[in-house]
>>> print(open('work24.pdb').read())   # PDB, C-alpha atoms
ATOM      1  CA  MET A   1       0.000   0.000   0.000
ATOM      2  CA  LEU A   2       1.184   3.515  -0.791
ATOM      3  CA  GLY A   3      -0.204   6.458   1.171
ATOM      4  CA  ARG A   4       0.942   9.656   2.831
ATOM      5  CA  TYR A   5       1.488  11.045   6.304
ATOM      6  CA  ARG A   6       2.015  14.450   7.829
ATOM      7  CA  ILE A   7       5.392  15.299   9.296
ATOM      8  CA  VAL A   8       5.051  17.560  12.325
ATOM      9  CA  ARG A   9       7.587  19.595  14.229
ATOM     10  CA  GLY A  10       7.605  18.957  17.931
ATOM     11  CA  ALA A  11       5.132  16.680  19.678
ATOM     12  CA  ARG A  12       2.589  14.891  17.505
ATOM     13  CA  PRO A  13      -1.043  15.550  18.351
ATOM     14  CA  PRO A  14      -2.611  12.506  20.029
ATOM     15  CA  ASP A  15      -5.298  12.361  17.332
ATOM     16  CA  ASP A  16      -2.644  12.178  14.552
ATOM     17  CA  PRO A  17      -0.369   9.203  15.342
ATOM     18  CA  LEU A  18       2.454   8.145  13.040
ATOM     19  CA  PRO A  19       1.322   5.421  10.660
ATOM     20  CA  ALA A  20       2.775   1.942  11.068
ATOM     21  CA  GLY A  21       4.936   1.058   8.105
ATOM     22  CA  VAL A  22       7.779   2.497   6.071
ATOM     23  CA  ARG A  23       7.822   6.283   6.201
ATOM     24  CA  GLN A  24       9.746   8.285   3.605
ATOM     25  CA  ASP A  25      10.405  12.011   3.928
ATOM     26  CA  THR A  26       9.764  13.542   0.489
ATOM     27  CA  ARG A  27       9.937  17.223   1.380
ATOM     28  CA  LYS A  28      11.724  19.734  -0.871
ATOM     29  CA  HIS A  29      15.005  19.753   1.080
ATOM     30  CA  THR A  30      15.510  15.988   0.845
ATOM     31  CA  ARG A  31      17.176  14.008  -1.930
ATOM     32  CA  HIS A  32      14.116  11.818  -2.383
ATOM     33  CA  PHE A  33      13.197  11.293  -6.031
ATOM     34  CA  LEU A  34       9.628  12.474  -5.295
ATOM     35  CA  ARG A  35      10.666  15.782  -3.720
ATOM     36  CA  PRO A  36       9.305  18.956  -5.299
ATOM     37  CA  GLU A  37      11.707  21.630  -6.494
ATOM     38  CA  ALA A  38      12.276  24.174  -3.711
ATOM     39  CA  GLU A  39      11.657  27.116  -6.053
ATOM     40  CA  GLU A  40       8.277  25.701  -7.098
ATOM     41  CA  VAL A  41       7.233  25.273  -3.461
ATOM     42  CA  LYS A  42       8.284  28.863  -2.770
ATOM     43  CA  ARG A  43       6.194  30.077  -5.726
ATOM     44  CA  LEU A  44       3.168  28.097  -4.538
ATOM     45  CA  LEU A  45       3.389  29.444  -1.003
ATOM     46  CA  ALA A  46       3.690  32.973  -2.391
ATOM     47  CA  ASP A  47       0.558  32.395  -4.509
ATOM     48  CA  PRO A  48      -1.618  29.617  -3.036
ATOM     49  CA  SER A  49      -4.535  30.508  -5.319
ATOM     50  CA  ALA A  50      -6.080  27.991  -7.720
ATOM     51  CA  LYS A  51      -3.933  29.449 -10.500
ATOM     52  CA  GLY A  52      -0.809  29.195  -8.333
ATOM     53  CA  PHE A  53      -1.579  25.566  -7.545
ATOM     54  CA  GLU A  54      -2.150  24.725 -11.216
ATOM     55  CA  ARG A  55       1.296  26.176 -11.994
ATOM     56  CA  PHE A  56       2.817  24.076  -9.197
ATOM     57  CA  ARG A  57       0.907  20.975 -10.290
ATOM     58  CA  ALA A  58       2.073  21.278 -13.897
ATOM     59  CA  ALA A  59       5.703  21.888 -12.892
ATOM     60  CA  TYR A  60       5.749  19.029 -10.368
ATOM     61  CA  LEU A  61       4.144  16.495 -12.706
ATOM     62  CA  HIS A  62       6.520  17.572 -15.478
ATOM     63  CA  ALA A  63       9.464  16.990 -13.106
ATOM     64  CA  LEU A  64       8.138  13.548 -12.113
ATOM     65  CA  GLN A  65       7.662  12.551 -15.752
ATOM     66  CA  ALA A  66      11.195  13.691 -16.612
ATOM     67  CA  ARG A  67      12.667  11.784 -13.647
ATOM     68  CA  PHE A  68      10.639   8.694 -14.599
ATOM     69  CA  ARG A  69      11.883   8.840 -18.213
ATOM     70  CA  GLN A  70      15.470   9.441 -17.145
ATOM     71  CA  ASP A  71      15.609   6.645 -14.545
ATOM     72  CA  ARG A  72      12.513   4.742 -13.567
ATOM     73  CA  SER A  73      14.372   2.401 -11.198
ATOM     74  CA  PRO A  74      13.544   4.365  -7.994
ATOM     75  CA  PHE A  75       9.874   4.443  -9.025
ATOM     76  CA  ASP A  76       9.887   0.700  -9.684
ATOM     77  CA  ALA A  77      11.674   0.050  -6.374
ATOM     78  CA  LEU A  78       9.067   2.074  -4.451
ATOM     79  CA  HIS A  79       6.319   0.226  -6.309
ATOM     80  CA  GLU A  80       7.796  -3.130  -5.271
ATOM     81  CA  LEU A  81       8.284  -1.998  -1.669
ATOM     82  CA  ALA A  82       4.679  -0.748  -1.491
ATOM     83  CA  ARG A  83       3.387  -4.079  -2.813
ATOM     84  CA  SER A  84       4.870  -5.886   0.182
ATOM     85  CA  SER A  85       4.786  -3.169   2.891
ATOM     86  CA  ASP A  86       2.735  -0.168   3.865
ATOM     87  CA  VAL A  87       4.699   2.859   2.615
ATOM     88  CA  PHE A  88       3.872   6.448   3.507
ATOM     89  CA  LEU A  89       5.185   9.556   1.755
ATOM     90  CA  GLY A  90       5.781  12.376   4.221
ATOM     91  CA  CYS A  91       5.343  16.124   4.015
ATOM     92  CA  ASN A  92       4.369  18.950   6.370
ATOM     93  CA  CYS A  93       1.103  19.618   4.525
ATOM     94  CA  PRO A  94      -1.510  20.505   5.393
ATOM     95  CA  THR A  95      -0.273  23.685   7.055
ATOM     96  CA  LYS A  96      -1.680  27.099   7.825
ATOM     97  CA  GLN A  97      -0.113  28.443   4.606
ATOM     98  CA  GLN A  98      -1.248  25.452   2.560
ATOM     99  CA  PRO A  99      -4.303  23.920   4.285
ATOM    100  CA  ASP A 100      -5.590  21.689   1.457
ATOM    101  CA  VAL A 101      -3.892  18.291   1.401
ATOM    102  CA  ARG A 102      -4.930  17.918  -2.236
ATOM    103  CA  HIS A 103      -2.503  20.746  -3.033
ATOM    104  CA  CYS A 104       0.451  18.813  -1.578
ATOM    105  CA  HIS A 105       3.063  17.202  -3.804
ATOM    106  CA  THR A 106       2.479  13.880  -2.026
ATOM    107  CA  TYR A 107      -1.122  13.878  -3.235
ATOM    108  CA  LEU A 108       0.119  14.455  -6.785
ATOM    109  CA  ALA A 109       2.804  11.767  -6.393
ATOM    110  CA  LEU A 110       0.169   9.270  -5.242
ATOM    111  CA  GLY A 111      -1.882  10.052  -8.343
ATOM    112  CA  PHE A 112       1.233   9.592 -10.496
ATOM    113  CA  PHE A 113       1.803   6.139  -8.986
ATOM    114  CA  HIS A 114      -1.860   5.214  -9.339
ATOM    115  CA  GLU A 115      -1.694   5.947 -13.083
ATOM    116  CA  ARG A 116       1.604   4.174 -13.734
ATOM    117  CA  TYR A 117       1.165   1.177 -11.450
ATOM    118  CA  PRO A 118      -2.535   0.195 -11.574
ATOM    119  CA  ASP A 119      -1.885  -2.973  -9.539
ATOM    120  CA  LEU A 120      -0.730  -0.907  -6.557
ATOM    121  CA  ASP A 121      -3.045  -0.088  -3.647
ATOM    122  CA  VAL A 122      -2.707   3.714  -3.581
ATOM    123  CA  ARG A 123      -4.575   5.542  -0.823
ATOM    124  CA  LEU A 124      -5.339   9.197  -1.371
ATOM    125  CA  PRO A 125      -6.064  11.219   1.763
ATOM    126  CA  ASP A 126      -9.552  12.486   2.378
ATOM    127  CA  ALA A 127     -10.297  16.000   1.248
ATOM    128  CA  PRO A 128     -10.606  18.577   4.014
ATOM    129  CA  ALA A 129     -14.057  19.220   5.368
ATOM    130  CA  PRO A 130     -15.637  22.407   4.065
ATOM    131  CA  LYS A 131     -15.340  25.355   6.414
ATOM    132  CA  ARG A 132     -18.482  26.116   8.320
ATOM    133  CA  THR A 133     -19.787  29.628   8.325
ATOM    134  CA  ARG A 134     -21.794  31.148  11.089
ATOM    135  CA  SER A 135     -25.085  32.618  10.048
ATOM    136  CA  GLY A 136     -27.041  35.212  11.936
TER
END
>>> encode(input="work24.pdb", output="structure tokens")
Amino acid sequence: MLGRYRIVRGARPPDDPLPAGVRQDTRKHTRHFLRPEAEEVKRLLADPSAKGFERFRAAYLHALQARFRQDRSPFDALHELARSSDVFLGCNCPTKQQPDVRHCHTYLALGFFHERYPDLDVRLPDAPAPKRTRSG
């Protein structure tokens, strides 16, 4: 199974335990093959609008496709690992600056794996609940 988890600084909230399985940090400052480019993350955080996310999405998926074409071996290795173990891709999202988990690179990476490895059990996180407004 391939899923995602949230990396937190400091103590984890009791209602958000670490998942059991193999956890891989895929944030921008790592060397992980699924990391986003730091400059693209900076651009997204500067403009978290729908248009800003579409720019990020296009750039990230383009980078993944290029990495896959150049050397698919790390993708295949993660696929094989996730067929025999529960594997979780880690990022800090959602955050105050970027509250929608669907706008995280891990969400996009999971979709990428789902398309390329249809035999793999890929688990996308639930979308955030809509914000409630107070009336009256």
>>> resolve_selection(input="work24.pdb", expression="the PyMOL selection byres ((chain A and resi 16-22) around 6)", output="list in words")
Pro13, Pro14, Asp15, Arg23, Asp86 and Val87 of chain A
>>> atom_distance(input="work24.pdb", atom1="atom CA of A:Cys91", atom2="atom CA of A:Arg6")
5.3 Å
>>> atom_distance(input="work24.pdb", atom1="atom CA of A:Tyr117", atom2="atom CA of A:Glu40")
25.9 Å
>>> residues_around(input="work24.pdb", residues="A:Ala58", least_positions_apart="6", cutoff="12 Å", atoms="only C-alpha atoms", output="ChimeraX atom specification")
/A:36,40,44,51-52,64-65,103,105,108
>>> write_last_selection(input="work24.pdb", atoms="C-alpha atoms", output="PDB file, in the coordinates of the input")
ATOM      1  CA  PRO A  36       9.305  18.956  -5.299  1.00  0.00           C
ATOM      2  CA  GLU A  40       8.277  25.701  -7.098  1.00  0.00           C
ATOM      3  CA  LEU A  44       3.168  28.097  -4.538  1.00  0.00           C
ATOM      4  CA  LYS A  51      -3.933  29.449 -10.500  1.00  0.00           C
ATOM      5  CA  GLY A  52      -0.809  29.195  -8.333  1.00  0.00           C
ATOM      6  CA  LEU A  64       8.138  13.548 -12.113  1.00  0.00           C
ATOM      7  CA  GLN A  65       7.662  12.551 -15.752  1.00  0.00           C
ATOM      8  CA  HIS A 103      -2.503  20.746  -3.033  1.00  0.00           C
ATOM      9  CA  HIS A 105       3.063  17.202  -3.804  1.00  0.00           C
ATOM     10  CA  LEU A 108       0.119  14.455  -6.785  1.00  0.00           C
TER      11      LEU A 108
END
>>> residues_around(input="work24.pdb", residues="stretch 66-69 of chain A", least_positions_apart="4", cutoff="12 Å", atoms="all atoms listed in the file", output="PyMOL selection string")
chain A and resi 32-36+59-62+73-77+109+112-113+116
>>> closest_residue(input="work24.pdb", among="A:Ile7, A:Ala38, A:Arg57, A:Ser85", to="A:Gly111", atoms="only C-alpha atoms")
A:Arg57
>>> atom_distance(input="work24.pdb", atom1="atom CA of A:Asp100", atom2="atom CA of A:Leu45")
12.1 Å
>>> residues_around(input="work24.pdb", residues="A:Cys93", least_positions_apart="5", cutoff="7 Å", atoms="all atoms listed in the file", output="list in words")
Arg6, Gln98, Pro99, Val101 and Cys104 of chain A
>>> closest_residue(input="work24.pdb", among="A:Phe56, A:Ser49, A:Thr106, A:Pro118", to="A:Gly90", atoms="all atoms listed in the file")
A:Thr106
>>> closest_residue(input="work24.pdb", among="A:Glu39, A:Asp121, A:Glu54, A:Asp25", to="A:His79", atoms="only C-alpha atoms")
A:Asp121
>>> closest_residue(input="work24.pdb", among="A:Ala82, A:Asp126, A:Arg102, A:Arg43", to="A:His114", atoms="all atoms listed in the file")
A:Ala82
>>> decode(input="work24.pdb", residues="stretch 22-53 of chain A", atoms="C-alpha atoms", output="mmCIF file, in the first residue's frame")
data_model
loop_
_atom_site.group_PDB
_atom_site.id
_atom_site.type_symbol
_atom_site.label_atom_id
_atom_site.label_comp_id
_atom_site.auth_asym_id
_atom_site.auth_seq_id
_atom_site.Cartn_x
_atom_site.Cartn_y
_atom_site.Cartn_z
ATOM 1 C CA VAL A 22 7.779 2.497 6.071
ATOM 2 C CA ARG A 23 7.822 6.283 6.201
ATOM 3 C CA GLN A 24 9.746 8.285 3.605
ATOM 4 C CA ASP A 25 10.405 12.011 3.928
ATOM 5 C CA THR A 26 9.764 13.542 0.489
ATOM 6 C CA ARG A 27 9.937 17.223 1.380
ATOM 7 C CA LYS A 28 11.724 19.734 -0.871
ATOM 8 C CA HIS A 29 15.005 19.753 1.080
ATOM 9 C CA THR A 30 15.510 15.988 0.845
ATOM 10 C CA ARG A 31 17.176 14.008 -1.930
ATOM 11 C CA HIS A 32 14.116 11.818 -2.383
ATOM 12 C CA PHE A 33 13.197 11.293 -6.031
ATOM 13 C CA LEU A 34 9.628 12.474 -5.295
ATOM 14 C CA ARG A 35 10.666 15.782 -3.720
ATOM 15 C CA PRO A 36 9.305 18.956 -5.299
ATOM 16 C CA GLU A 37 11.707 21.630 -6.494
ATOM 17 C CA ALA A 38 12.276 24.174 -3.711
ATOM 18 C CA GLU A 39 11.657 27.116 -6.053
ATOM 19 C CA GLU A 40 8.277 25.701 -7.098
ATOM 20 C CA VAL A 41 7.233 25.273 -3.461
ATOM 21 C CA LYS A 42 8.284 28.863 -2.770
ATOM 22 C CA ARG A 43 6.194 30.077 -5.726
ATOM 23 C CA LEU A 44 3.168 28.097 -4.538
ATOM 24 C CA LEU A 45 3.389 29.444 -1.003
ATOM 25 C CA ALA A 46 3.690 32.973 -2.391
ATOM 26 C CA ASP A 47 0.558 32.395 -4.509
ATOM 27 C CA PRO A 48 -1.618 29.617 -3.036
ATOM 28 C CA SER A 49 -4.535 30.508 -5.319
ATOM 29 C CA ALA A 50 -6.080 27.991 -7.720
ATOM 30 C CA LYS A 51 -3.933 29.449 -10.500
ATOM 31 C CA GLY A 52 -0.809 29.195 -8.333
ATOM 32 C CA PHE A 53 -1.579 25.566 -7.545
#
